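Data from input27.cif: mmCIF, C-alpha atoms
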```cif
data_input
#
loop_
_atom_site.label_atom_id
_atom_site.label_comp_id
_atom_site.auth_asym_id
_atom_site.auth_seq_id
_atom_site.Cartn_x
_atom_site.Cartn_y
_atom_site.Cartn_z
CA MET A 1 -77.34 55.49 -13.96
CA ASN A 2 -76.04 56.74 -17.29
CA ILE A 3 -73.70 59.11 -15.55
CA LEU A 4 -72.38 56.26 -13.44
CA ASN A 5 -71.67 54.20 -16.54
CA LYS A 6 -69.87 57.07 -18.17
CA ASP A 7 -67.65 57.75 -15.21
CA ALA A 8 -66.57 54.20 -14.50
CA PRO A 9 -63.60 53.52 -16.77
CA ARG A 10 -64.46 50.38 -18.75
CA GLU A 11 -61.63 47.96 -19.15
CA ILE A 12 -60.82 45.80 -22.13
CA ASN A 13 -61.02 42.15 -21.17
CA TYR A 14 -58.93 40.10 -23.54
CA ALA A 15 -59.70 36.42 -23.89
CA THR A 16 -56.75 34.39 -22.63
CA ALA A 17 -55.88 30.70 -22.87
CA THR A 18 -58.15 30.00 -25.83
CA PHE A 19 -56.02 26.89 -26.31
CA LYS A 20 -53.52 25.36 -23.95
CA SER A 21 -50.59 25.19 -26.34
CA THR A 22 -49.39 26.85 -29.53
CA ARG A 23 -50.69 23.78 -31.41
CA ILE A 24 -54.15 22.29 -31.34
CA MET A 25 -52.46 18.95 -32.16
CA ASN A 26 -50.71 18.94 -35.49
CA GLY A 27 -51.65 22.42 -36.61
CA HIS A 28 -51.14 25.85 -35.09
CA SER A 29 -53.56 27.27 -32.55
CA ILE A 30 -54.18 30.96 -31.98
CA GLU A 31 -51.89 30.87 -28.94
CA LYS A 32 -48.45 32.47 -29.09
CA MET A 33 -45.42 32.46 -26.86
CA PRO A 34 -45.37 35.69 -24.82
CA PRO A 35 -42.31 37.88 -25.49
CA GLY A 36 -39.10 36.56 -24.00
CA GLN A 37 -40.34 32.99 -23.59
CA LEU A 38 -38.78 30.00 -25.29
CA ASP A 39 -40.85 26.91 -26.02
CA VAL A 40 -38.88 23.69 -26.47
CA ARG A 41 -41.08 21.17 -28.22
CA ILE A 42 -40.49 17.46 -28.67
CA SER A 43 -43.07 15.60 -30.73
CA HIS A 44 -43.42 11.97 -31.69
CA ARG A 45 -45.70 10.07 -34.04
CA PHE A 46 -45.46 6.33 -33.71
CA GLY A 47 -46.26 3.71 -36.35
CA THR A 48 -49.79 2.69 -37.27
CA ILE A 49 -51.97 0.82 -34.81
CA ASN A 50 -52.93 -1.69 -37.54
CA SER A 51 -49.31 -2.82 -37.87
CA GLY A 52 -50.21 -5.39 -35.23
CA ALA A 53 -49.02 -6.81 -31.94
CA TYR A 54 -45.65 -7.83 -33.43
CA ASN A 55 -44.83 -4.13 -33.90
CA PHE A 56 -46.46 -3.36 -30.55
CA PHE A 57 -49.27 -1.55 -32.42
CA GLY A 58 -46.88 0.91 -33.97
CA LEU A 59 -44.87 1.85 -30.90
CA ASP A 60 -41.77 0.13 -32.32
CA GLN A 61 -41.46 2.82 -34.93
CA SER A 62 -41.26 6.48 -34.21
CA ASN A 63 -40.99 9.73 -36.03
CA ILE A 64 -39.66 12.77 -34.26
CA HIS A 65 -39.97 16.51 -34.64
CA LEU A 66 -37.90 18.93 -32.57
CA GLY A 67 -38.82 22.58 -32.29
CA LEU A 68 -37.52 25.77 -30.75
CA GLU A 69 -40.07 28.56 -30.64
CA TYR A 70 -39.76 32.05 -29.23
CA GLY A 71 -41.98 35.03 -28.58
CA ILE A 72 -40.37 38.23 -29.85
CA LEU A 73 -43.16 40.76 -29.42
CA ASN A 74 -46.69 40.71 -28.06
CA TRP A 75 -47.94 40.01 -31.55
CA LEU A 76 -45.07 38.06 -33.10
CA MET A 77 -43.55 34.65 -32.47
CA VAL A 78 -41.11 32.67 -34.58
CA GLY A 79 -39.95 29.07 -34.55
CA VAL A 80 -37.63 26.61 -36.20
CA GLY A 81 -37.87 22.85 -36.29
CA ARG A 82 -36.57 19.66 -37.79
CA SER A 83 -38.59 16.59 -38.78
CA GLU A 84 -37.22 13.13 -39.22
CA LEU A 85 -39.79 12.64 -42.00
CA GLU A 86 -37.99 13.44 -45.28
CA LYS A 87 -35.29 15.12 -43.16
CA THR A 88 -37.19 18.38 -43.25
CA PHE A 89 -36.23 21.71 -41.68
CA ASP A 90 -38.98 24.22 -41.09
CA GLY A 91 -39.39 27.77 -39.93
CA PHE A 92 -42.47 29.83 -39.20
CA ALA A 93 -43.69 33.18 -38.01
CA LYS A 94 -47.04 33.78 -36.32
CA PHE A 95 -48.52 37.29 -36.36
CA SER A 96 -51.38 38.30 -34.15
CA ILE A 97 -53.80 40.60 -35.99
CA LEU A 98 -56.86 40.77 -33.72
CA ARG A 99 -57.51 39.67 -30.15
CA GLN A 100 -60.88 38.58 -28.86
CA SER A 101 -62.05 41.00 -26.21
CA SER A 102 -65.06 42.30 -24.38
CA GLY A 103 -65.70 45.35 -22.26
CA ALA A 104 -64.49 48.67 -23.62
CA LYS A 105 -63.59 47.01 -26.93
CA ASP A 106 -65.77 44.29 -28.36
CA MET A 107 -64.07 41.84 -30.64
CA PRO A 108 -65.79 38.50 -31.22
CA VAL A 109 -62.75 36.58 -32.52
CA SER A 110 -58.97 36.43 -32.39
CA VAL A 111 -57.19 36.39 -35.73
CA SER A 112 -53.57 35.44 -36.47
CA VAL A 113 -51.57 34.75 -39.60
CA VAL A 114 -48.99 31.97 -39.86
CA THR A 115 -46.45 31.74 -42.66
CA SER A 116 -44.02 28.87 -42.80
CA ILE A 117 -41.37 27.34 -45.01
CA ALA A 118 -40.28 23.72 -45.17
CA LEU A 119 -36.98 22.56 -46.62
CA LYS A 120 -36.75 18.88 -47.47
CA THR A 121 -33.13 17.73 -47.26
CA LEU A 122 -33.60 14.05 -48.09
CA LYS A 123 -31.15 13.01 -50.81
CA VAL A 124 -32.67 13.25 -54.27
CA PRO A 125 -33.28 9.83 -55.86
CA ASP A 126 -31.62 10.63 -59.13
CA GLN A 127 -28.28 12.40 -58.92
CA SER A 128 -27.80 12.30 -62.70
CA ARG A 129 -30.59 14.80 -63.35
CA THR A 130 -30.32 18.54 -62.69
CA ASN A 131 -31.66 19.05 -59.20
CA TYR A 132 -32.70 22.50 -58.06
CA PHE A 133 -32.49 23.77 -54.50
CA THR A 134 -35.90 25.40 -54.90
CA SER A 135 -37.44 21.98 -55.62
CA ARG A 136 -36.89 21.17 -51.97
CA LEU A 137 -39.04 24.05 -50.70
CA ALA A 138 -42.68 24.26 -49.75
CA TYR A 139 -44.56 27.24 -48.35
CA VAL A 140 -47.60 27.49 -46.13
CA GLY A 141 -49.90 30.40 -45.37
CA GLN A 142 -52.67 30.13 -42.80
CA ILE A 143 -55.24 32.45 -41.28
CA LEU A 144 -56.30 31.40 -37.79
CA VAL A 145 -59.72 32.60 -36.63
CA ALA A 146 -60.47 31.50 -33.09
CA ARG A 147 -63.15 32.15 -30.53
CA LYS A 148 -63.27 31.24 -26.88
CA ILE A 149 -67.00 30.61 -26.61
CA SER A 150 -67.03 29.90 -22.89
CA GLN A 151 -64.53 29.08 -20.16
CA GLY A 152 -64.64 25.46 -21.26
CA LEU A 153 -65.05 25.59 -25.03
CA SER A 154 -62.86 27.15 -27.74
CA VAL A 155 -63.11 26.72 -31.49
CA GLN A 156 -60.89 27.67 -34.41
CA LEU A 157 -61.18 27.81 -38.19
CA THR A 158 -57.98 27.69 -40.23
CA PRO A 159 -58.11 28.43 -43.95
CA SER A 160 -54.77 27.16 -45.27
CA TYR A 161 -52.76 27.34 -48.44
CA VAL A 162 -49.82 25.03 -49.18
CA HIS A 163 -47.50 25.45 -52.14
CA ARG A 164 -45.05 22.71 -53.12
CA ASN A 165 -42.45 23.76 -55.68
CA LEU A 166 -41.96 20.24 -57.02
CA VAL A 167 -44.52 17.44 -56.99
CA ALA A 168 -44.21 13.89 -58.26
CA THR A 169 -46.54 13.82 -61.25
CA GLU A 170 -48.79 16.03 -63.35
CA LEU A 171 -51.75 14.74 -61.35
CA ASP A 172 -50.47 16.22 -58.12
CA PRO A 173 -51.38 19.86 -57.55
CA ASN A 174 -48.63 22.27 -56.57
CA ASP A 175 -51.18 24.34 -54.68
CA ILE A 176 -53.36 22.85 -51.98
CA PHE A 177 -56.26 24.71 -50.40
CA ALA A 178 -57.60 23.42 -47.13
CA LEU A 179 -59.92 24.46 -44.33
CA GLY A 180 -58.93 23.39 -40.85
CA ALA A 181 -61.27 23.19 -37.91
CA GLY A 182 -60.23 22.63 -34.32
CA ALA A 183 -61.87 22.66 -30.93
CA ARG A 184 -60.94 22.34 -27.30
CA LEU A 185 -63.28 21.21 -24.57
CA LYS A 186 -62.03 21.64 -21.02
CA LEU A 187 -62.72 18.56 -18.92
CA THR A 188 -60.95 19.48 -15.69
CA LYS A 189 -58.67 22.28 -14.61
CA ARG A 190 -55.65 20.56 -16.16
CA ILE A 191 -57.09 18.30 -18.84
CA SER A 192 -58.90 19.14 -22.04
CA LEU A 193 -60.26 17.15 -24.97
CA ASN A 194 -59.09 18.38 -28.37
CA GLY A 195 -60.06 17.60 -31.94
CA GLU A 196 -58.66 18.82 -35.22
CA TYR A 197 -59.60 18.21 -38.84
CA TYR A 198 -58.38 19.61 -42.14
CA TYR A 199 -60.66 19.45 -45.17
CA ILE A 200 -58.61 19.52 -48.37
CA ALA A 201 -60.59 21.36 -51.03
CA ASN A 202 -58.79 19.90 -54.05
CA LEU A 203 -58.87 16.33 -52.76
CA LYS A 204 -61.08 15.27 -55.66
CA THR A 205 -58.41 15.89 -58.24
CA ASN A 206 -56.66 12.54 -58.41
CA PHE A 207 -53.34 12.66 -56.66
CA SER A 208 -50.83 10.06 -57.83
CA THR A 209 -50.98 8.59 -54.33
CA GLN A 210 -54.26 8.53 -52.42
CA ILE A 211 -54.43 11.42 -49.96
CA TYR A 212 -56.78 11.67 -46.99
CA ASN A 213 -57.93 14.49 -44.75
CA PRO A 214 -56.00 14.55 -41.47
CA LEU A 215 -58.07 14.02 -38.33
CA SER A 216 -56.65 14.09 -34.81
CA VAL A 217 -58.36 13.47 -31.48
CA GLY A 218 -56.76 13.53 -28.05
CA PHE A 219 -56.03 15.25 -24.77
CA ASP A 220 -54.02 18.18 -23.47
CA ILE A 221 -52.58 17.63 -20.02
CA GLU A 222 -50.97 20.52 -18.20
CA THR A 223 -48.48 19.85 -15.43
CA GLY A 224 -46.73 22.94 -14.16
CA GLY A 225 -44.40 24.24 -16.87
CA HIS A 226 -45.12 21.34 -19.22
CA VAL A 227 -47.98 20.72 -21.58
CA PHE A 228 -48.41 17.15 -22.75
CA GLN A 229 -50.58 16.55 -25.77
CA LEU A 230 -51.49 12.90 -26.28
CA PHE A 231 -53.60 11.94 -29.27
CA PHE A 232 -54.45 9.68 -32.17
CA THR A 233 -54.05 10.89 -35.74
CA ASN A 234 -53.96 9.46 -39.26
CA SER A 235 -51.09 11.74 -40.27
CA LEU A 236 -47.44 11.01 -39.78
CA GLY A 237 -46.26 14.55 -40.54
CA MET A 238 -46.04 17.21 -37.88
CA THR A 239 -45.61 20.35 -39.97
CA GLU A 240 -48.35 21.82 -42.15
CA LYS A 241 -46.69 20.85 -45.41
CA GLN A 242 -46.48 17.25 -44.23
CA PHE A 243 -50.02 16.74 -42.99
CA ILE A 244 -52.01 18.92 -45.41
CA GLY A 245 -52.08 17.10 -48.73
CA ALA A 246 -49.57 14.43 -47.75
CA THR A 247 -51.53 12.30 -45.27
CA THR A 248 -51.72 8.78 -46.68
CA GLY A 249 -53.27 7.09 -43.65
CA GLN A 250 -56.97 6.30 -43.39
CA TRP A 251 -58.85 6.13 -40.09
CA LYS A 252 -61.28 3.51 -41.47
CA LYS A 253 -58.43 1.13 -42.25
CA GLY A 254 -56.76 1.67 -38.88
CA ASP A 255 -53.79 3.66 -40.18
CA ILE A 256 -53.85 5.52 -36.90
CA HIS A 257 -50.72 6.82 -35.24
CA PHE A 258 -50.43 7.43 -31.54
CA GLY A 259 -48.64 10.71 -31.04
CA PHE A 260 -47.56 13.19 -28.43
CA ASN A 261 -46.19 16.70 -28.19
CA ILE A 262 -44.28 17.81 -25.13
CA SER A 263 -43.86 21.50 -24.61
CA ARG A 264 -41.55 23.02 -22.01
CA VAL A 265 -41.46 26.78 -21.65
CA PHE A 266 -38.40 28.65 -20.41
CA MET A 267 -38.57 32.30 -19.49
CA LEU A 268 -35.51 33.96 -20.99
CA LYS A 269 -36.59 37.54 -20.41
CA LYS A 270 -38.84 39.10 -17.79
CA HIS A 271 -41.78 41.06 -19.16
CA GLN A 272 -40.95 44.72 -19.67
CA LYS A 273 -44.58 45.76 -19.69
CA PRO A 274 -47.89 44.04 -19.08
CA LEU A 275 -49.38 41.97 -21.89
CA ASN A 276 -52.62 43.93 -22.20
CA ASN A 277 -51.50 46.80 -24.37
CA MET B 278 -49.97 53.15 -36.44
CA LYS B 279 -46.36 52.24 -35.76
CA ARG B 280 -47.42 48.72 -34.94
CA LEU B 281 -49.33 48.46 -38.22
CA LEU B 282 -46.29 49.61 -40.18
CA VAL B 283 -43.99 47.17 -38.43
CA SER B 284 -46.39 44.28 -39.04
CA LEU B 285 -46.79 45.19 -42.71
CA ALA B 286 -43.00 45.37 -43.08
CA THR B 287 -42.53 41.98 -41.43
CA ILE B 288 -45.19 40.36 -43.59
CA ALA B 289 -43.53 41.93 -46.64
CA ILE B 290 -40.16 40.45 -45.68
CA PHE B 291 -41.67 37.01 -45.18
CA SER B 292 -43.55 37.16 -48.44
CA LEU B 293 -40.19 37.64 -50.19
CA PHE B 294 -39.63 33.94 -49.60
CA PHE B 295 -42.50 33.27 -51.97
CA VAL B 296 -40.49 34.85 -54.79
CA SER B 297 -38.87 31.50 -55.47
CA CYS B 298 -42.21 29.87 -56.18
CA TYR B 299 -42.26 27.23 -58.89
CA TYR B 300 -44.96 25.05 -60.39
CA ASP B 301 -42.94 21.98 -61.33
CA ASN B 302 -43.66 18.30 -61.42
CA GLU B 303 -41.09 15.59 -61.95
CA GLU B 304 -42.76 14.25 -65.10
CA ALA B 305 -42.58 17.58 -66.88
CA LEU B 306 -39.28 18.73 -65.42
CA TYR B 307 -37.41 15.51 -66.23
CA PRO B 308 -39.29 14.09 -69.23
CA THR B 309 -36.56 11.76 -70.47
CA LEU B 310 -36.04 10.20 -67.07
CA ASN B 311 -39.63 9.53 -66.15
CA ASN B 312 -41.21 8.39 -69.39
CA SER B 313 -38.87 5.47 -69.72
CA CYS B 314 -39.74 2.77 -67.24
CA ASP B 315 -36.91 0.38 -67.98
CA THR B 316 -38.22 -3.08 -67.16
CA THR B 317 -35.93 -5.05 -69.48
CA ASN B 318 -32.58 -4.21 -68.03
CA VAL B 319 -33.12 -4.40 -64.26
CA THR B 320 -29.97 -5.06 -62.23
CA TYR B 321 -29.11 -4.82 -58.54
CA SER B 322 -26.32 -2.30 -59.00
CA SER B 323 -27.88 0.01 -61.56
CA THR B 324 -31.59 -0.17 -60.66
CA ILE B 325 -32.18 -1.42 -57.13
CA THR B 326 -29.27 0.17 -55.25
CA PRO B 327 -30.01 3.76 -56.42
CA ILE B 328 -33.67 3.44 -55.37
CA LEU B 329 -32.67 1.98 -51.98
CA ASN B 330 -30.10 4.71 -51.44
CA SER B 331 -32.49 7.51 -52.15
CA TYR B 332 -35.68 6.20 -50.52
CA CYS B 333 -34.73 3.61 -47.91
CA THR B 334 -31.24 3.79 -46.43
CA GLY B 335 -31.88 7.20 -44.86
CA CYS B 336 -33.57 5.26 -42.05
CA HIS B 337 -32.67 1.63 -42.76
CA SER B 338 -28.93 1.90 -42.10
CA GLY B 339 -26.48 2.58 -39.26
CA SER B 340 -27.01 1.35 -35.76
CA PRO B 341 -29.69 0.89 -34.81
CA PRO B 342 -31.48 0.94 -38.17
CA SER B 343 -35.22 1.70 -38.20
CA GLY B 344 -37.25 -1.40 -37.36
CA GLY B 345 -34.03 -3.39 -37.09
CA ILE B 346 -33.89 -3.58 -40.89
CA THR B 347 -30.73 -2.74 -42.82
CA LEU B 348 -30.88 -2.15 -46.56
CA THR B 349 -27.25 -1.29 -47.23
CA SER B 350 -25.85 -4.70 -48.12
CA TYR B 351 -26.83 -7.12 -50.88
CA ALA B 352 -27.11 -9.98 -48.37
CA SER B 353 -29.68 -8.23 -46.18
CA VAL B 354 -31.73 -6.98 -49.15
CA GLN B 355 -31.69 -10.45 -50.70
CA ALA B 356 -32.81 -12.02 -47.42
CA LEU B 357 -35.73 -9.58 -47.09
CA ALA B 358 -36.69 -10.04 -50.72
CA SER B 359 -36.73 -13.84 -50.53
CA SER B 360 -38.93 -13.74 -47.43
CA GLY B 361 -41.41 -11.60 -49.38
CA MET B 362 -41.13 -8.81 -46.82
CA LEU B 363 -39.51 -6.35 -49.23
CA ILE B 364 -42.30 -6.42 -51.81
CA ASN B 365 -44.96 -6.54 -49.07
CA ALA B 366 -43.55 -3.38 -47.54
CA LEU B 367 -43.51 -1.59 -50.91
CA ASN B 368 -47.17 -2.50 -51.46
CA GLY B 369 -48.27 -2.16 -47.84
CA ASN B 370 -49.39 -5.80 -47.59
CA GLY B 371 -49.77 -6.55 -43.90
CA VAL B 372 -47.06 -4.06 -42.94
CA PRO B 373 -47.01 -0.25 -43.14
CA ILE B 374 -46.34 0.88 -46.68
CA MET B 375 -42.75 1.92 -47.29
CA PRO B 376 -41.46 4.57 -47.72
CA LEU B 377 -43.59 6.09 -44.97
CA SER B 378 -43.58 9.41 -46.80
CA GLY B 379 -45.53 7.89 -49.72
CA SER B 380 -45.24 4.79 -51.82
CA LEU B 381 -42.75 4.42 -54.67
CA SER B 382 -43.96 4.91 -58.22
CA THR B 383 -45.55 1.89 -59.92
CA CYS B 384 -42.52 1.79 -62.21
CA ARG B 385 -40.08 1.45 -59.32
CA ILE B 386 -42.20 -1.19 -57.58
CA ALA B 387 -42.38 -3.08 -60.88
CA GLN B 388 -38.58 -2.95 -61.14
CA PHE B 389 -38.28 -4.47 -57.66
CA GLN B 390 -40.70 -7.24 -58.62
CA ILE B 391 -38.78 -7.97 -61.82
CA TRP B 392 -35.51 -8.17 -59.90
CA VAL B 393 -37.08 -10.59 -57.40
CA ARG B 394 -38.66 -12.69 -60.16
CA ASN B 395 -35.31 -12.90 -61.98
CA GLY B 396 -33.76 -14.52 -58.94
CA MET B 397 -32.50 -11.58 -56.88
CA LEU B 398 -29.10 -11.59 -58.59
CA ASN B 399 -26.19 -9.52 -57.32
CA ASN B 400 -25.52 -8.08 -60.75
#
```
Final structure tokens representation of the file:
Amino acid sequence: MNILNKDAPREINYATATFKSTRIMNGHSIEKMPPGQLDVRISHRFGTINSGAYNFFGLDQSNIHLGLEYGILNWLMVGVGRSELEKTFDGFAKFSILRQSSGAKDMPVSVSVVTSIALKTLKVPDQSRTNYFTSRLAYVGQILVARKISQGLSVQLTPSYVHRNLVATELDPNDIFALGAGARLKLTKRISLNGEYYYIANLKTNFSTQIYNPLSVGFDIETGGHVFQLFFTNSLGMTEKQFIGATTGQWKKGDIHFGFNISRVFMLKKHQKPLNN
Amino acid sequence: MKRLLVSLATIAIFSLFFVSCYYDNEEALYPTLNNSCDTTNVTYSSTITPILNSYCTGCHSGSPPSGGITLTSYASVQALASSGMLINALNGNGVPIMPLSGSLSTCRIAQFQIWVRNGMLNN
């Protein structure tokens, strides 16, 4: 029996499709675009549900984020985007460090690193003061640790660091440390239930405006080349800098935004070699 | 090994962006501007318009303006202020708090209230 085991070449089985999309909802998931594939993302967050029937429960207002994201290598994807909120441009790179696998190589988790930059281009209130370009910048670093526990259940932990070069008052920290947690539960072949939460570690220090932890709950729906993500969230922002440490909505009070992400993938280049190497 | 080197190099290049890291806040960076909350000399042209231009008209202008609300002309601002909607929006009373990205400072809200209380003059 031992001889048999030795002779049979054991394959490495990599975990695939831990999440359906490159985002759990607001934040990044462990998934990346494969090389040569372009992801066009259109995301909306509507107004708050508690704004009442007159505002059609928030649907009269909308905030948009547009993104173009591309897989360069098996372990590297990059993306650029633009948010309506504070007229912000953003760019990110996602590096794959470890991939969950079984068989010849046992690896319990997948690990990726995301670094991103946000550039706020909203006109500065006071033109008479000396305004610095660097004041407009914020940086984000995240480590994504994900595990596909079973065919139906995946979880992810996301320690995150956000640095804002300029904040409003001395009360507001320039550095924010947060721990994100996300999960995906597959309901049917095409639909899954997702949840995502970020715990902000320095929430207790009094910000000049009250900040809450962002929580999002909703569904992923896959239809051919599209992934629709429909959910409810208390954050208006769609990039890390905007929802970690800048979420002013409170679930308890009904400051809940309906939101969706639409992702359409275009294959720009055929694969040169298989993914599993 | 090659892959490790390439990834280290890429991370190094991206970390260069962090070189321009600052720990500033507006109170400390612009002490003269922020410590003085001028509540005695509040006028439409010198106090209200600059705040509107920097925080509000990005969305509330053009066609169509966000929520159907324009804040570029005195007439429309005056109409919103006299209905109470303007101050309600700044405080989040019954409507989503404006600006959506975070409320104005207490000083700026106070300046709006003073302008309204003084009769919403076009001065």
field: Contact residues (chain A, partner chain B, 9 Å, all atoms listed in the file) as number ranges by chain
entry: A: 47-48, 50-52, 55, 60-62, 75-76, 85-87, 93, 95, 97, 115-117, 122-126, 129-130, 134-135, 137-139, 163-175, 208-209, 236-237, 242, 246-248, 255
Put those residues in a file: C-alpha atoms, as a short mmCIF file (atom, residue, chain, number, x, y, z; two decimals), in the coordinates of the input.
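To be explicit, this is the file written out as again-v1.cif:
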```
data_model
loop_
_atom_site.label_atom_id
_atom_site.label_comp_id
_atom_site.auth_asym_id
_atom_site.auth_seq_id
_atom_site.Cartn_x
_atom_site.Cartn_y
_atom_site.Cartn_z
CA GLY A 47 -46.26 3.71 -36.35
CA THR A 48 -49.79 2.69 -37.27
CA ASN A 50 -52.93 -1.69 -37.54
CA SER A 51 -49.31 -2.82 -37.87
CA GLY A 52 -50.21 -5.39 -35.23
CA ASN A 55 -44.83 -4.13 -33.90
CA ASP A 60 -41.77 0.13 -32.32
CA GLN A 61 -41.46 2.82 -34.93
CA SER A 62 -41.26 6.48 -34.21
CA TRP A 75 -47.94 40.01 -31.55
CA LEU A 76 -45.07 38.06 -33.10
CA LEU A 85 -39.79 12.64 -42.00
CA GLU A 86 -37.99 13.44 -45.28
CA LYS A 87 -35.29 15.12 -43.16
CA ALA A 93 -43.69 33.18 -38.01
CA PHE A 95 -48.52 37.29 -36.36
CA ILE A 97 -53.80 40.60 -35.99
CA THR A 115 -46.45 31.74 -42.66
CA SER A 116 -44.02 28.87 -42.80
CA ILE A 117 -41.37 27.34 -45.01
CA LEU A 122 -33.60 14.05 -48.09
CA LYS A 123 -31.15 13.01 -50.81
CA VAL A 124 -32.67 13.25 -54.27
CA PRO A 125 -33.28 9.83 -55.86
CA ASP A 126 -31.62 10.63 -59.13
CA ARG A 129 -30.59 14.80 -63.35
CA THR A 130 -30.32 18.54 -62.69
CA THR A 134 -35.90 25.40 -54.90
CA SER A 135 -37.44 21.98 -55.62
CA LEU A 137 -39.04 24.05 -50.70
CA ALA A 138 -42.68 24.26 -49.75
CA TYR A 139 -44.56 27.24 -48.35
CA HIS A 163 -47.50 25.45 -52.14
CA ARG A 164 -45.05 22.71 -53.12
CA ASN A 165 -42.45 23.76 -55.68
CA LEU A 166 -41.96 20.24 -57.02
CA VAL A 167 -44.52 17.44 -56.99
CA ALA A 168 -44.21 13.89 -58.26
CA THR A 169 -46.54 13.82 -61.25
CA GLU A 170 -48.79 16.03 -63.35
CA LEU A 171 -51.75 14.74 -61.35
CA ASP A 172 -50.47 16.22 -58.12
CA PRO A 173 -51.38 19.86 -57.55
CA ASN A 174 -48.63 22.27 -56.57
CA ASP A 175 -51.18 24.34 -54.68
CA SER A 208 -50.83 10.06 -57.83
CA THR A 209 -50.98 8.59 -54.33
CA LEU A 236 -47.44 11.01 -39.78
CA GLY A 237 -46.26 14.55 -40.54
CA GLN A 242 -46.48 17.25 -44.23
CA ALA A 246 -49.57 14.43 -47.75
CA THR A 247 -51.53 12.30 -45.27
CA THR A 248 -51.72 8.78 -46.68
CA ASP A 255 -53.79 3.66 -40.18
#
```
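Our summary of the geometry notes that CA of Arg41 in chain A is positioned 24.8 Å from CA of Arg99 in chain A.
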- request: Could you list the residues chosen by the PyMOL selection byres ((chain B and resi 395) around 12) in this structure as an MDAnalysis selection string?
  value: chainID B and resid 316:321 358:359 388:394 396:400
message: Applying the PyMOL selection byres ((chain A and resi 218) around 6) to the file I just gave you, which residues come out? Please list them as a PyMOL selection string.
response: chain A and resi 193-194+217+219+230-231
Within 10 Å of Phe232 in chain A using only C-alpha atoms, minus same-chain residues under 2 positions, as a PyMOL selection string: chain A and resi 25+45-46+48-49+195+215-219+230+234-235+251+256-260
- request: For the structure shown, which residues end up in the PyMOL selection byres ((chain A and resi 113) around 8)? Put them as number ranges by chain, please?
  value: A: 94-97, 111-112, 114-115, 141-144
query: Nearest to Val140 in chain A among A:Pro214, A:Gly103, A:Gly71, A:Gly245, with distances taken over all atoms listed in the file: which residue is it?
result: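 Ranking A:Pro214, A:Gly103, A:Gly71, A:Gly245 by distance to Val140 in chain A, first place goes to A:Gly245.
Closest approach to Val265 in chain A among A:Leu38, A:Ile200, A:Leu185, A:Met33 is made by A:Leu38 (distances from all atoms listed in the file).
For the choices A:Asn202, A:Asn63, A:Ser43, A:Gln156, the atom-to-atom distance to Asn26 in chain A is smallest for A:Ser43 when using all atoms listed in the file.
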field: Atom pair CA of Thr22 in chain A / CA of Met77 in chain A: separation (Å)
entry: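 Answer for the CA of Thr22 in chain A to CA of Met77 in chain A separation: 10.2 Å.
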- prompt: Could you state the separation of CA of Ser192 in chain A and CA of Ala15 in chain A in Å, given to one decimal place?
  reply: 17.4 Å
- prompt: What residues have an atom no more than 12 Å from (-37.0, 22.4, -42.0) in the file's own frame, counting all atoms listed in the file, and can you write them as a ChimeraX atom specification?
  reply: /A:65-68,79-92,116-122,136-139,238-242
message: Could you list, as an NGL selection string, every residue within 9 Å of Tyr351 in chain B, counting only C-alpha atoms and ignoring same-chain residues fewer than 3 positions away?
response: :B and (321 or 326 or 348 or 354-356 or 399)
Could you add the missing atoms to range 373-382 of chain B, up to N, CA and C atoms, and return them as a PDB file, in the frame of the given file?
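That gives us result_24.pdb:
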```pdb
ATOM      1  N   PRO B 373     -46.831  -1.632 -42.671  1.00  0.00           N
ATOM      2  CA  PRO B 373     -47.010  -0.250 -43.140  1.00  0.00           C
ATOM      3  C   PRO B 373     -46.290  -0.054 -44.470  1.00  0.00           C
ATOM      4  N   ILE B 374     -46.928   0.679 -45.360  1.00  0.00           N
ATOM      5  CA  ILE B 374     -46.340   0.880 -46.680  1.00  0.00           C
ATOM      6  C   ILE B 374     -45.048   1.691 -46.551  1.00  0.00           C
ATOM      7  N   MET B 375     -44.046   1.248 -47.303  1.00  0.00           N
ATOM      8  CA  MET B 375     -42.750   1.920 -47.290  1.00  0.00           C
ATOM      9  C   MET B 375     -42.487   2.510 -48.670  1.00  0.00           C
ATOM     10  N   PRO B 376     -41.862   3.669 -48.796  1.00  0.00           N
ATOM     11  CA  PRO B 376     -41.460   4.570 -47.720  1.00  0.00           C
ATOM     12  C   PRO B 376     -42.685   5.185 -47.022  1.00  0.00           C
ATOM     13  N   LEU B 377     -42.501   5.514 -45.750  1.00  0.00           N
ATOM     14  CA  LEU B 377     -43.590   6.090 -44.970  1.00  0.00           C
ATOM     15  C   LEU B 377     -44.086   7.398 -45.554  1.00  0.00           C
ATOM     16  N   SER B 378     -43.205   8.101 -46.263  1.00  0.00           N
ATOM     17  CA  SER B 378     -43.580   9.410 -46.800  1.00  0.00           C
ATOM     18  C   SER B 378     -44.434   9.289 -48.045  1.00  0.00           C
ATOM     19  N   GLY B 379     -44.734   8.077 -48.503  1.00  0.00           N
ATOM     20  CA  GLY B 379     -45.530   7.890 -49.720  1.00  0.00           C
ATOM     21  C   GLY B 379     -44.917   6.788 -50.547  1.00  0.00           C
ATOM     22  N   SER B 380     -45.765   5.974 -51.153  1.00  0.00           N
ATOM     23  CA  SER B 380     -45.240   4.790 -51.820  1.00  0.00           C
ATOM     24  C   SER B 380     -44.405   5.156 -53.046  1.00  0.00           C
ATOM     25  N   LEU B 381     -43.559   4.235 -53.462  1.00  0.00           N
ATOM     26  CA  LEU B 381     -42.750   4.420 -54.670  1.00  0.00           C
ATOM     27  C   LEU B 381     -43.677   4.420 -55.889  1.00  0.00           C
ATOM     28  N   SER B 382     -43.156   4.928 -57.009  1.00  0.00           N
ATOM     29  CA  SER B 382     -43.960   4.910 -58.220  1.00  0.00           C
ATOM     30  C   SER B 382     -44.183   3.469 -58.664  1.00  0.00           C
TER      31      SER B 382
END
```
